[in-house]
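> For reference, this is work.pdb, and it has PDB, C-alpha atoms (C1' of nucleotides) and all ligand atoms.
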ATOM      1  CA  MET A   1      79.356 189.480 -43.636
ATOM      2  CA  ASN A   2      76.428 187.107 -43.804
ATOM      3  CA  LEU A   3      74.894 186.574 -47.190
ATOM      4  CA  LEU A   4      71.675 185.113 -45.839
ATOM      5  CA  THR A   5      69.513 186.584 -43.110
ATOM      6  CA  ARG A   6      67.615 184.352 -40.804
ATOM      7  CA  ASN A   7      64.252 184.543 -42.473
ATOM      8  CA  THR A   8      65.773 183.399 -45.750
ATOM      9  CA  ASP A   9      67.533 180.623 -43.897
ATOM     10  CA  TYR A  10      64.351 179.477 -42.191
ATOM     11  CA  ALA A  11      62.367 179.780 -45.387
ATOM     12  CA  VAL A  12      64.743 177.431 -47.165
ATOM     13  CA  ARG A  13      64.577 174.912 -44.355
ATOM     14  CA  ALA A  14      60.807 175.001 -44.336
ATOM     15  CA  LEU A  15      60.662 174.572 -48.088
ATOM     16  CA  ILE A  16      63.033 171.645 -47.996
ATOM     17  CA  TYR A  17      60.958 170.037 -45.289
ATOM     18  CA  MET A  18      57.813 170.527 -47.294
ATOM     19  CA  SER A  19      59.301 169.186 -50.463
ATOM     20  CA  GLY A  20      60.039 166.038 -48.460
ATOM     21  CA  LYS A  21      56.461 165.703 -47.265
ATOM     22  CA  HIS A  22      54.788 166.668 -50.481
ATOM     23  CA  PRO A  23      51.925 166.487 -51.264
ATOM     24  CA  GLU A  24      51.004 166.104 -47.582
ATOM     25  CA  ARG A  25      49.990 169.279 -45.763
ATOM     26  CA  VAL A  26      52.411 170.758 -43.285
ATOM     27  CA  SER A  27      51.372 173.067 -40.469
ATOM     28  CA  THR A  28      53.497 175.461 -38.446
ATOM     29  CA  ALA A  29      53.006 173.033 -35.585
ATOM     30  CA  ASP A  30      54.719 170.322 -37.623
ATOM     31  CA  LEU A  31      57.621 172.611 -38.407
ATOM     32  CA  ASP A  32      57.911 173.621 -34.794
ATOM     33  CA  ARG A  33      57.972 169.986 -33.724
ATOM     34  CA  ASP A  34      60.481 168.793 -36.313
ATOM     35  CA  LEU A  35      62.634 171.805 -37.080
ATOM     36  CA  HIS A  36      62.549 173.670 -33.750
ATOM     37  CA  LEU A  37      62.405 177.096 -35.269
ATOM     38  CA  PRO A  38      60.636 179.955 -33.450
ATOM     39  CA  ARG A  39      57.030 179.269 -34.224
ATOM     40  CA  PRO A  40      55.386 182.672 -34.655
ATOM     41  CA  PHE A  41      58.358 183.870 -36.667
ATOM     42  CA  MET A  42      58.029 180.829 -38.870
ATOM     43  CA  ARG A  43      54.371 181.572 -39.283
ATOM     44  CA  LYS A  44      55.143 185.021 -40.599
ATOM     45  CA  ILE A  45      57.651 183.613 -43.044
ATOM     46  CA  LEU A  46      55.221 181.010 -44.328
ATOM     47  CA  GLN A  47      52.633 183.676 -44.913
ATOM     48  CA  ILE A  48      55.107 185.619 -46.999
ATOM     49  CA  LEU A  49      55.965 182.521 -49.006
ATOM     50  CA  GLN A  50      52.296 181.883 -49.537
ATOM     51  CA  LYS A  51      51.617 185.402 -50.782
ATOM     52  CA  ALA A  52      54.549 185.113 -53.137
ATOM     53  CA  GLY A  53      53.143 181.949 -54.620
ATOM     54  CA  TYR A  54      55.606 179.394 -53.306
ATOM     55  CA  LEU A  55      53.092 177.790 -50.992
ATOM     56  CA  ALA A  56      49.420 176.940 -51.168
ATOM     57  CA  SER A  57      47.537 177.199 -47.904
ATOM     58  CA  VAL A  58      44.449 175.587 -46.454
ATOM     59  CA  LYS A  59      42.760 177.231 -43.518
ATOM     60  CA  GLY A  60      40.824 175.622 -40.737
ATOM     61  CA  LYS A  61      41.316 172.395 -38.878
ATOM     62  CA  ASN A  62      43.910 170.084 -40.434
ATOM     63  CA  GLY A  63      44.923 173.020 -42.540
ATOM     64  CA  GLY A  64      48.465 173.882 -43.443
ATOM     65  CA  PHE A  65      50.757 174.500 -46.360
ATOM     66  CA  THR A  66      51.978 172.618 -49.380
ATOM     67  CA  LEU A  67      54.540 173.447 -52.018
ATOM     68  CA  ALA A  68      52.950 175.279 -54.913
ATOM     69  CA  LYS A  69      55.920 175.107 -57.255
ATOM     70  CA  VAL A  70      58.194 172.323 -58.284
ATOM     71  CA  PRO A  71      61.516 172.477 -56.426
ATOM     72  CA  SER A  72      63.522 172.906 -59.611
ATOM     73  CA  ARG A  73      61.665 176.149 -60.248
ATOM     74  CA  ILE A  74      62.419 177.695 -56.858
ATOM     75  CA  HIS A  75      65.636 179.613 -57.091
ATOM     76  CA  LEU A  76      67.639 180.665 -54.082
ATOM     77  CA  THR A  77      68.133 184.095 -55.607
ATOM     78  CA  GLU A  78      64.387 184.629 -55.653
ATOM     79  CA  LEU A  79      64.109 183.783 -51.983
ATOM     80  CA  ILE A  80      66.940 186.116 -51.125
ATOM     81  CA  ALA A  81      65.233 188.836 -53.117
ATOM     82  CA  LEU A  82      61.925 188.156 -51.394
ATOM     83  CA  PHE A  83      63.301 188.417 -47.870
ATOM     84  CA  GLN A  84      66.265 190.700 -48.267
ATOM     85  CA  GLY A  85      65.585 192.806 -51.314
ATOM     86  CA  PRO A  86      67.098 192.484 -54.765
ATOM     87  CA  VAL A  87      70.559 190.997 -55.075
ATOM     88  CA  SER A  88      72.258 193.728 -56.987
ATOM     89  CA  MET A  89      75.601 195.224 -56.335
ATOM     90  CA  GLY A  90      75.654 196.910 -59.692
ATOM     91  CA  ASP A  91      75.641 200.469 -58.447
ATOM     92  CA  CYS A  92      78.534 202.474 -57.154
ATOM     93  CA  LEU A  93      79.659 200.939 -53.911
ATOM     94  CA  PHE A  94      80.119 204.297 -52.306
ATOM     95  CA  ARG A  95      77.200 206.396 -51.148
ATOM     96  CA  LYS A  96      78.293 209.232 -53.347
ATOM     97  CA  LYS A  97      80.489 208.528 -56.299
ATOM     98  CA  LEU A  98      84.177 208.796 -55.751
ATOM     99  CA  CYS A  99      84.927 209.322 -59.391
ATOM    100  CA  ASP A 100      83.074 211.196 -62.127
ATOM    101  CA  CYS A 101      84.174 208.510 -64.492
ATOM    102  CA  ALA A 102      80.904 206.998 -65.634
ATOM    103  CA  ASP A 103      82.682 204.037 -67.106
ATOM    104  CA  GLY A 104      86.339 204.624 -66.362
ATOM    105  CA  CYS A 105      86.026 203.613 -62.737
ATOM    106  CA  PRO A 106      88.091 200.489 -62.203
ATOM    107  CA  LEU A 107      86.291 199.498 -59.040
ATOM    108  CA  ARG A 108      82.951 199.673 -60.749
ATOM    109  CA  ARG A 109      84.169 197.554 -63.612
ATOM    110  CA  VAL A 110      85.481 194.920 -61.256
ATOM    111  CA  ILE A 111      82.317 194.837 -59.212
ATOM    112  CA  LYS A 112      80.098 194.557 -62.250
ATOM    113  CA  GLY A 113      82.163 191.663 -63.460
ATOM    114  CA  ILE A 114      81.916 189.901 -60.138
ATOM    115  CA  GLU A 115      78.207 190.506 -59.967
ATOM    116  CA  ALA A 116      77.517 189.063 -63.369
ATOM    117  CA  MET A 117      79.512 185.972 -62.583
ATOM    118  CA  ALA A 118      78.037 185.506 -59.134
ATOM    119  CA  LEU A 119      74.450 185.911 -60.273
ATOM    120  CA  ALA A 120      74.966 183.509 -63.131
ATOM    121  CA  ARG A 121      76.262 180.862 -60.784
ATOM    122  CA  LEU A 122      73.726 181.484 -58.056
ATOM    123  CA  LYS A 123      70.938 180.996 -60.543
ATOM    124  CA  SER A 124      71.825 177.351 -60.735
ATOM    125  CA  VAL A 125      70.967 176.858 -57.072
ATOM    126  CA  THR A 126      67.382 175.744 -56.709
ATOM    127  CA  LEU A 127      65.444 174.029 -53.999
ATOM    128  CA  ALA A 128      65.848 170.845 -56.009
ATOM    129  CA  SER A 129      69.614 171.126 -56.042
ATOM    130  CA  LEU A 130      69.617 171.619 -52.281
ATOM    131  CA  THR A 131      67.627 168.510 -51.590
ATOM    132  CA  GLY A 132      69.903 166.548 -53.854
ATOM    133  CA  ALA A 133      67.017 165.694 -56.133
TER
ATOM    134  CA  MET B 117      72.735 194.545 -49.523
ATOM    135  CA  ASN B 118      75.601 196.981 -49.230
ATOM    136  CA  LEU B 119      79.084 195.615 -49.686
ATOM    137  CA  LEU B 120      80.769 198.556 -47.997
ATOM    138  CA  THR B 121      79.824 200.040 -44.652
ATOM    139  CA  ARG B 122      80.226 203.707 -44.009
ATOM    140  CA  ASN B 123      83.496 203.581 -42.163
ATOM    141  CA  THR B 124      85.117 201.734 -45.045
ATOM    142  CA  ASP B 125      83.656 204.251 -47.433
ATOM    143  CA  TYR B 126      84.932 207.199 -45.405
ATOM    144  CA  ALA B 127      88.306 205.558 -44.926
ATOM    145  CA  VAL B 128      88.762 205.231 -48.675
ATOM    146  CA  ARG B 129      87.799 208.843 -49.230
ATOM    147  CA  ALA B 130      90.210 210.031 -46.584
ATOM    148  CA  LEU B 131      93.006 207.923 -48.008
ATOM    149  CA  ILE B 132      92.398 209.207 -51.506
ATOM    150  CA  TYR B 133      92.431 212.761 -50.216
ATOM    151  CA  MET B 134      95.677 212.133 -48.407
ATOM    152  CA  SER B 135      97.330 210.515 -51.359
ATOM    153  CA  GLY B 136      96.555 213.726 -53.209
ATOM    154  CA  LYS B 137      98.161 215.916 -50.574
ATOM    155  CA  HIS B 138     101.115 213.694 -49.868
ATOM    156  CA  PRO B 139     103.586 214.269 -48.295
ATOM    157  CA  GLU B 140     101.781 217.203 -46.681
ATOM    158  CA  ARG B 141     100.133 216.550 -43.325
ATOM    159  CA  VAL B 142      96.371 216.370 -43.209
ATOM    160  CA  SER B 143      94.346 216.944 -40.046
ATOM    161  CA  THR B 144      90.781 215.931 -39.277
ATOM    162  CA  ALA B 145      89.979 219.628 -39.539
ATOM    163  CA  ASP B 146      91.160 219.583 -43.151
ATOM    164  CA  LEU B 147      89.047 216.561 -43.928
ATOM    165  CA  ASP B 148      86.048 218.142 -42.276
ATOM    166  CA  ARG B 149      86.505 221.297 -44.313
ATOM    167  CA  ASP B 150      87.056 219.614 -47.682
ATOM    168  CA  LEU B 151      85.158 216.339 -47.472
ATOM    169  CA  HIS B 152      82.334 217.265 -45.079
ATOM    170  CA  LEU B 153      82.315 213.970 -43.278
ATOM    171  CA  PRO B 154      81.258 213.770 -39.605
ATOM    172  CA  ARG B 155      84.361 214.914 -37.822
ATOM    173  CA  PRO B 156      84.572 212.828 -34.656
ATOM    174  CA  PHE B 157      83.612 209.723 -36.591
ATOM    175  CA  MET B 158      86.346 210.488 -39.071
ATOM    176  CA  ARG B 159      88.754 210.892 -36.213
ATOM    177  CA  LYS B 160      87.978 207.416 -34.979
ATOM    178  CA  ILE B 161      88.471 205.993 -38.427
ATOM    179  CA  LEU B 162      91.808 207.727 -38.866
ATOM    180  CA  GLN B 163      92.985 206.365 -35.557
ATOM    181  CA  ILE B 164      92.151 202.858 -36.702
ATOM    182  CA  LEU B 165      94.000 203.403 -39.965
ATOM    183  CA  GLN B 166      96.956 204.705 -38.023
ATOM    184  CA  LYS B 167      97.066 201.708 -35.708
ATOM    185  CA  ALA B 168      96.850 199.410 -38.691
ATOM    186  CA  GLY B 169      99.853 201.066 -40.263
ATOM    187  CA  TYR B 170      98.220 202.877 -43.161
ATOM    188  CA  LEU B 171      98.814 206.313 -41.703
ATOM    189  CA  ALA B 172     101.584 207.975 -39.785
ATOM    190  CA  SER B 173     100.508 210.544 -37.219
ATOM    191  CA  VAL B 174     102.069 213.596 -35.648
ATOM    192  CA  LYS B 175     100.611 214.959 -32.455
ATOM    193  CA  GLY B 176     100.504 218.511 -31.238
ATOM    194  CA  LYS B 177      99.965 221.775 -33.019
ATOM    195  CA  ASN B 178     100.145 221.481 -36.792
ATOM    196  CA  GLY B 179      99.975 217.761 -36.339
ATOM    197  CA  GLY B 180      98.012 215.419 -38.519
ATOM    198  CA  PHE B 181      98.291 212.330 -40.665
ATOM    199  CA  THR B 182     100.183 211.268 -43.740
ATOM    200  CA  LEU B 183     100.044 208.136 -45.846
ATOM    201  CA  ALA B 184     102.427 205.521 -44.540
ATOM    202  CA  LYS B 185     102.146 203.134 -47.469
ATOM    203  CA  VAL B 186     102.317 203.627 -51.184
ATOM    204  CA  PRO B 187      98.836 203.629 -52.737
ATOM    205  CA  SER B 188      99.564 200.598 -54.875
ATOM    206  CA  ARG B 189     100.117 198.566 -51.724
ATOM    207  CA  ILE B 190      96.797 199.485 -50.110
ATOM    208  CA  HIS B 191      94.205 196.947 -51.153
ATOM    209  CA  LEU B 192      90.513 197.531 -50.839
ATOM    210  CA  THR B 193      90.060 194.035 -49.461
ATOM    211  CA  GLU B 194      92.336 194.891 -46.559
ATOM    212  CA  LEU B 195      90.305 197.953 -45.717
ATOM    213  CA  ILE B 196      87.089 195.996 -45.856
ATOM    214  CA  ALA B 197      88.611 193.387 -43.575
ATOM    215  CA  LEU B 198      89.817 196.083 -41.188
ATOM    216  CA  PHE B 199      86.443 197.744 -40.790
ATOM    217  CA  GLN B 200      84.014 194.953 -41.496
ATOM    218  CA  GLY B 201      85.826 191.786 -40.610
ATOM    219  CA  PRO B 202      87.284 189.232 -42.980
ATOM    220  CA  VAL B 203      85.738 188.891 -46.406
ATOM    221  CA  SER B 204      85.009 185.230 -46.358
ATOM    222  CA  MET B 205      81.867 183.532 -47.411
ATOM    223  CA  GLY B 206      83.509 180.165 -47.442
ATOM    224  CA  ASP B 207      81.505 178.661 -44.631
ATOM    225  CA  CYS B 208      78.089 177.171 -44.810
ATOM    226  CA  LEU B 209      75.656 179.967 -45.465
ATOM    227  CA  PHE B 210      73.157 178.563 -43.061
ATOM    228  CA  ARG B 211      73.560 178.837 -39.305
ATOM    229  CA  LYS B 212      73.391 175.144 -38.922
ATOM    230  CA  LYS B 213      74.209 172.992 -41.841
ATOM    231  CA  LEU B 214      71.353 171.947 -44.006
ATOM    232  CA  CYS B 215      73.147 168.976 -45.380
ATOM    233  CA  ASP B 216      75.582 166.549 -43.768
ATOM    234  CA  CYS B 217      77.366 166.410 -47.043
ATOM    235  CA  ALA B 218      80.802 167.775 -46.208
ATOM    236  CA  ASP B 219      81.586 168.290 -49.867
ATOM    237  CA  GLY B 220      78.511 167.119 -51.698
ATOM    238  CA  CYS B 221      76.561 170.279 -50.955
ATOM    239  CA  PRO B 222      75.948 172.030 -54.241
ATOM    240  CA  LEU B 223      75.314 175.380 -52.639
ATOM    241  CA  ARG B 224      78.593 175.255 -50.811
ATOM    242  CA  ARG B 225      80.446 174.394 -53.975
ATOM    243  CA  VAL B 226      78.886 177.289 -55.819
ATOM    244  CA  ILE B 227      79.605 179.739 -53.044
ATOM    245  CA  LYS B 228      83.208 178.663 -52.739
ATOM    246  CA  GLY B 229      83.637 179.105 -56.437
ATOM    247  CA  ILE B 230      82.162 182.572 -56.369
ATOM    248  CA  GLU B 231      84.274 183.520 -53.408
ATOM    249  CA  ALA B 232      87.524 182.462 -55.021
ATOM    250  CA  MET B 233      86.723 184.365 -58.152
ATOM    251  CA  ALA B 234      85.536 187.473 -56.346
ATOM    252  CA  LEU B 235      88.540 187.648 -54.057
ATOM    253  CA  ALA B 236      90.926 187.193 -56.942
ATOM    254  CA  ARG B 237      89.383 190.081 -58.796
ATOM    255  CA  LEU B 238      89.016 192.334 -55.786
ATOM    256  CA  LYS B 239      92.707 191.984 -55.045
ATOM    257  CA  SER B 240      93.423 194.073 -58.087
ATOM    258  CA  VAL B 241      91.663 197.080 -56.596
ATOM    259  CA  THR B 242      94.123 199.275 -54.729
ATOM    260  CA  LEU B 243      94.110 202.863 -53.620
ATOM    261  CA  ALA B 244      96.299 203.587 -56.619
ATOM    262  CA  SER B 245      93.784 202.097 -59.027
ATOM    263  CA  LEU B 246      91.048 204.223 -57.469
ATOM    264  CA  THR B 247      92.913 207.475 -57.896
ATOM    265  CA  GLY B 248      93.638 206.574 -61.475
ATOM    266  CA  ALA B 249      97.378 206.633 -60.831
TER
ATOM    267  C1'  DT C 112     105.446 229.019 -19.443
ATOM    268  C1'  DT C 113     101.165 229.163 -20.822
ATOM    269  C1'  DG C 114      97.656 228.724 -24.378
ATOM    270  C1'  DT C 115      96.112 226.363 -28.302
ATOM    271  C1'  DA C 116      95.656 222.969 -31.723
ATOM    272  C1'  DA C 117      96.358 218.695 -32.781
ATOM    273  C1'  DT C 118      96.109 213.212 -31.842
ATOM    274  C1'  DG C 119      95.407 208.823 -28.390
ATOM    275  C1'  DA C 120      92.313 206.223 -25.933
ATOM    276  C1'  DT C 121      87.955 205.030 -24.746
ATOM    277  C1'  DA C 122      83.333 205.345 -23.172
ATOM    278  C1'  DC C 123      79.027 206.664 -24.415
ATOM    279  C1'  DC C 124      74.613 207.579 -27.161
ATOM    280  C1'  DA C 125      71.359 207.190 -31.348
ATOM    281  C1'  DT C 126      69.313 205.066 -35.089
ATOM    282  C1'  DA C 127      68.180 201.462 -38.255
ATOM    283  C1'  DT C 128      67.423 196.842 -39.268
ATOM    284  C1'  DA C 129      66.791 192.171 -38.059
ATOM    285  C1'  DA C 130      64.584 188.910 -35.122
ATOM    286  C1'  DG C 131      60.887 187.535 -32.691
ATOM    287  C1'  DT C 132      56.068 187.906 -30.205
ATOM    288  C1'  DA C 133      51.221 188.774 -29.557
ATOM    289  C1'  DT C 134      46.519 189.461 -30.849
ATOM    290  C1'  DC C 135      42.307 189.210 -33.117
ATOM    291  C1'  DA C 136      39.719 187.833 -37.014
ATOM    292  C1'  DT C 137      38.485 184.123 -40.266
ATOM    293  C1'  DT C 138      38.017 179.522 -41.924
ATOM    294  C1'  DT C 139      36.919 174.573 -41.590
ATOM    295  C1'  DG C 140      36.567 169.786 -39.960
ATOM    296  C1'  DT C 141      34.308 167.226 -36.302
TER
ATOM    297  C1'  DA D 244      29.663 174.832 -30.798
ATOM    298  C1'  DC D 245      34.483 173.923 -30.403
ATOM    299  C1'  DA D 246      39.095 173.333 -31.672
ATOM    300  C1'  DA D 247      42.773 173.856 -34.763
ATOM    301  C1'  DA D 248      44.499 175.890 -38.309
ATOM    302  C1'  DT D 249      45.806 180.348 -41.324
ATOM    303  C1'  DG D 250      45.298 185.783 -42.517
ATOM    304  C1'  DA D 251      46.491 190.210 -41.227
ATOM    305  C1'  DT D 252      48.938 193.239 -38.638
ATOM    306  C1'  DA D 253      50.812 195.597 -34.734
ATOM    307  C1'  DC D 254      54.096 195.402 -31.285
ATOM    308  C1'  DT D 255      58.545 194.417 -28.778
ATOM    309  C1'  DT D 256      63.339 193.129 -28.288
ATOM    310  C1'  DA D 257      68.109 192.478 -29.769
ATOM    311  C1'  DT D 258      72.029 193.643 -32.467
ATOM    312  C1'  DA D 259      74.879 196.252 -35.413
ATOM    313  C1'  DT D 260      75.934 200.489 -37.439
ATOM    314  C1'  DG D 261      76.739 205.174 -37.201
ATOM    315  C1'  DG D 262      78.004 208.910 -34.612
ATOM    316  C1'  DT D 263      79.380 211.924 -30.127
ATOM    317  C1'  DA D 264      81.783 213.303 -26.143
ATOM    318  C1'  DT D 265      85.459 213.483 -22.896
ATOM    319  C1'  DC D 266      89.824 213.513 -20.911
ATOM    320  C1'  DA D 267      94.666 212.775 -21.359
ATOM    321  C1'  DT D 268      98.903 213.716 -24.009
ATOM    322  C1'  DT D 269     101.928 216.011 -27.163
ATOM    323  C1'  DA D 270     104.083 219.921 -29.527
ATOM    324  C1'  DC D 271     104.510 224.411 -31.357
ATOM    325  C1'  DA D 272     104.778 229.338 -30.612
ATOM    326  C1'  DA D 273     103.944 233.828 -28.597
TER
HETATM  327  S1  LIG E   1      81.586 205.211 -59.746
HETATM  328 FE1  LIG E   1      81.787 204.702 -57.612
HETATM  329  S2  LIG E   1      83.912 204.522 -57.307
HETATM  330 FE2  LIG E   1      83.742 204.951 -59.404
HETATM  331  S1  LIG E   2      76.978 172.618 -45.890
HETATM  332 FE1  LIG E   2      75.570 174.306 -45.687
HETATM  333  S2  LIG E   2      74.015 173.903 -47.127
HETATM  334 FE2  LIG E   2      75.429 172.266 -47.402
END
What is this file in structure tokens?

Amino acid sequence: MNLLTRNTDYAVRALIYMSGKHPERVSTADLDRDLHLPRPFMRKILQILQKAGYLASVKGKNGGFTLAKVPSRIHLTELIALFQGPVSMGDCLFRKKLCDCADGCPLRRVIKGIEAMALARLKSVTLASLTGA
Amino acid sequence: MNLLTRNTDYAVRALIYMSGKHPERVSTADLDRDLHLPRPFMRKILQILQKAGYLASVKGKNGGFTLAKVPSRIHLTELIALFQGPVSMGDCLFRKKLCDCADGCPLRRVIKGIEAMALARLKSVTLASLTGA
DNA sequence: TTGTAATGATACCATATAAGTATCATTTGT
DNA sequence: ACAAATGATACTTATATGGTATCATTACAA
């Protein structure tokens, strides 16, 4: 059960790389050269990050991307949400409820508890904390 | 991000049904009739549960399955492991480590903490707790 | 003793999602 | 004008999940 899909993984790597180069521009060619990640895939990911406001882009020759937010304001949970949909296990785990018990369900209670705890802790993980800054 | 896949889901439903009928035998035909779950798929799932020791089976006419463990000894985590592989997010989330930091990695620390907590709580969820017994 | 209703074992197919590629248009520095 | 970059978007491939099908075996019962 993998918590992160590959695009999230790659996105984080790219962002870390960029935070290291900042405020220098970084192109997909640079990432390809230094990180060896599939280039057109990377390109797609960067475009998504740009649209979402994490990166600023400059077109044309010598163009590229730069970080548009400070690393301490980029939360891993947001990136997961962006690439994999919202991190929420709050609903009934089963496709169709097992129990009628709106609140009595023990499984549901347990899951909700876990979720709250997990989200709270995950929120502390930012790009800054990953770079050790 | 769904925590349970469909075979786990169906397995739990079947087990709950059987715990209700116990010690009466239950056939896939019964499950099909009462639970309306895809019959041959269900069959496969029951066979897995049987091999894993959760069900006892009787072949031939009027054959079927019965629970082979008491509901309080059937843990949801075991079923998840059986159908979806081990529930362990202990490893580095990224395919290839981001940081060299064997222990310094903040993400890793957070994840490990979440895992320990989640597993501890999930262990309390058994078939018995789901049936309200 | 033969037919039928069940499971055992296992191979196969279908569908959805993730992963990755390709293409053409647009922008910009030289 | 050309080259090197991104923007937008469509397409293809790989993998995992979900689901079927088939044949063998067992057991009851008329
Ligand atoms: S509401 Fe889903 S198991 Fe109780
Ligand atoms: S060991 Fe994986 S991010 Fe640190």
> Run through the PyMOL selection byres ((chain B) within 6 of (chain C)) on the given coordinates and return the selected residues as a VMD selection string.
chain B and resid 175 to 177 179
> Kindly save the residues from that selection, with C-alpha atoms included, as a short mmCIF file (atom, residue, chain, number, x, y, z; two decimals), keeping the file's coordinate frame.

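As written to disk, part35.cif reads:
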data_model
loop_
_atom_site.label_atom_id
_atom_site.label_comp_id
_atom_site.auth_asym_id
_atom_site.auth_seq_id
_atom_site.Cartn_x
_atom_site.Cartn_y
_atom_site.Cartn_z
CA LYS B 175 100.61 214.96 -32.46
CA GLY B 176 100.50 218.51 -31.24
CA LYS B 177 99.96 221.78 -33.02
CA GLY B 179 99.98 217.76 -36.34
#
> Would you kindly report the residues of chain D within 8 Å of chain B, using all atoms listed in the file, as a PyMOL selection string?
chain D and resi 261-263+269-271
> Take the residues from that selection and write them out as a PDB file, keeping the file's coordinate frame, keeping C-alpha atoms (C1' of nucleotides).

ATOM      1  C1'  DG D 261      76.739 205.174 -37.201  1.00  0.00           C
ATOM      2  C1'  DG D 262      78.004 208.910 -34.612  1.00  0.00           C
ATOM      3  C1'  DT D 263      79.380 211.924 -30.127  1.00  0.00           C
ATOM      4  C1'  DT D 269     101.928 216.011 -27.163  1.00  0.00           C
ATOM      5  C1'  DA D 270     104.083 219.921 -29.527  1.00  0.00           C
ATOM      6  C1'  DC D 271     104.510 224.411 -31.357  1.00  0.00           C
TER       7       DC D 271
END
> What separation in Å, quoted to one decimal, exists between CA of Ile111 (chain A) and CA of Ile196 (chain B)?
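About the pair CA of Ile111 (chain A) and CA of Ile196 (chain B): they are 14.2 Å apart.
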> Give me, please, the distance in Å between CA of Gly136 (chain B) and CA of Ser188 (chain B), quoted to one decimal.
13.6 Å
> Translate the PyMOL selection byres (((chain A and resi 79) around 12) and not hetatm), as applied to the file shown, into an explicit residue set as a VMD selection string.
chain A and resid 4 to 13 15 45 48 to 49 52 to 54 73 to 78 80 to 87 122 to 123 125 to 127
> Counting all atoms listed in the file, which residue out of A:Met18, A:Ile114, A:Leu119, A:Ala56 sits closest to chain B?
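Nearest to chain B: A:Ile114.
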> Box for region 79-85 of chain A - axis-aligned, 4 Å on each of the six sides, all listed atoms - centre and size in Å to one decimal, as lines of an AutoDock Vina configuration file.

center_x = 64.4
center_y = 188.3
center_z = -50.5
size_x = 13.0
size_y = 17.0
size_z = 13.2
> Under the rule that all atoms listed in the file are counted, which of B:Leu119, B:Ala232, B:Leu162, B:Leu147 is the nearest residue to chain A?
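Among the listed residues, the smallest separation from chain A belongs to B:Leu119.
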> Starting from the block above, write region 113-141 of chain C out to a file with C-alpha atoms (C1' of nucleotides), as a PDB file, in the first residue's frame, please.

ATOM      1  C1'  DT C 113     -25.924 -42.063 -11.384  1.00  0.00           C
ATOM      2  C1'  DG C 114     -27.166 -37.212 -11.100  1.00  0.00           C
ATOM      3  C1'  DT C 115     -26.643 -33.007  -8.776  1.00  0.00           C
ATOM      4  C1'  DA C 116     -24.895 -29.586  -5.829  1.00  0.00           C
ATOM      5  C1'  DA C 117     -21.334 -28.154  -3.562  1.00  0.00           C
ATOM      6  C1'  DT C 118     -15.954 -26.819  -3.038  1.00  0.00           C
ATOM      7  C1'  DG C 119     -10.630 -26.976  -4.856  1.00  0.00           C
ATOM      8  C1'  DA C 120      -7.512 -25.321  -8.004  1.00  0.00           C
ATOM      9  C1'  DT C 121      -6.273 -22.412 -11.443  1.00  0.00           C
ATOM     10  C1'  DA C 122      -6.287 -20.005 -15.703  1.00  0.00           C
ATOM     11  C1'  DC C 123      -8.298 -16.478 -18.014  1.00  0.00           C
ATOM     12  C1'  DC C 124     -10.533 -11.855 -19.237  1.00  0.00           C
ATOM     13  C1'  DA C 125     -12.048  -6.836 -18.350  1.00  0.00           C
ATOM     14  C1'  DT C 126     -11.707  -2.439 -16.548  1.00  0.00           C
ATOM     15  C1'  DA C 127      -9.717   1.398 -14.179  1.00  0.00           C
ATOM     16  C1'  DT C 128      -5.928   3.997 -12.828  1.00  0.00           C
ATOM     17  C1'  DA C 129      -1.215   5.204 -12.948  1.00  0.00           C
ATOM     18  C1'  DA C 130       2.762   6.121 -15.682  1.00  0.00           C
ATOM     19  C1'  DG C 131       4.701   7.858 -19.515  1.00  0.00           C
ATOM     20  C1'  DT C 132       4.977   9.855 -24.562  1.00  0.00           C
ATOM     21  C1'  DA C 133       4.078  12.805 -28.455  1.00  0.00           C
ATOM     22  C1'  DT C 134       2.599  16.853 -30.838  1.00  0.00           C
ATOM     23  C1'  DC C 135       1.636  21.405 -31.976  1.00  0.00           C
ATOM     24  C1'  DA C 136       1.189  26.064 -30.609  1.00  0.00           C
ATOM     25  C1'  DT C 137       3.236  30.060 -28.221  1.00  0.00           C
ATOM     26  C1'  DT C 138       6.778  32.821 -26.227  1.00  0.00           C
ATOM     27  C1'  DT C 139      11.370  34.978 -25.972  1.00  0.00           C
ATOM     28  C1'  DG C 140      16.374  35.764 -26.175  1.00  0.00           C
ATOM     29  C1'  DT C 141      19.985  36.074 -29.624  1.00  0.00           C
TER      30       DT C 141
END
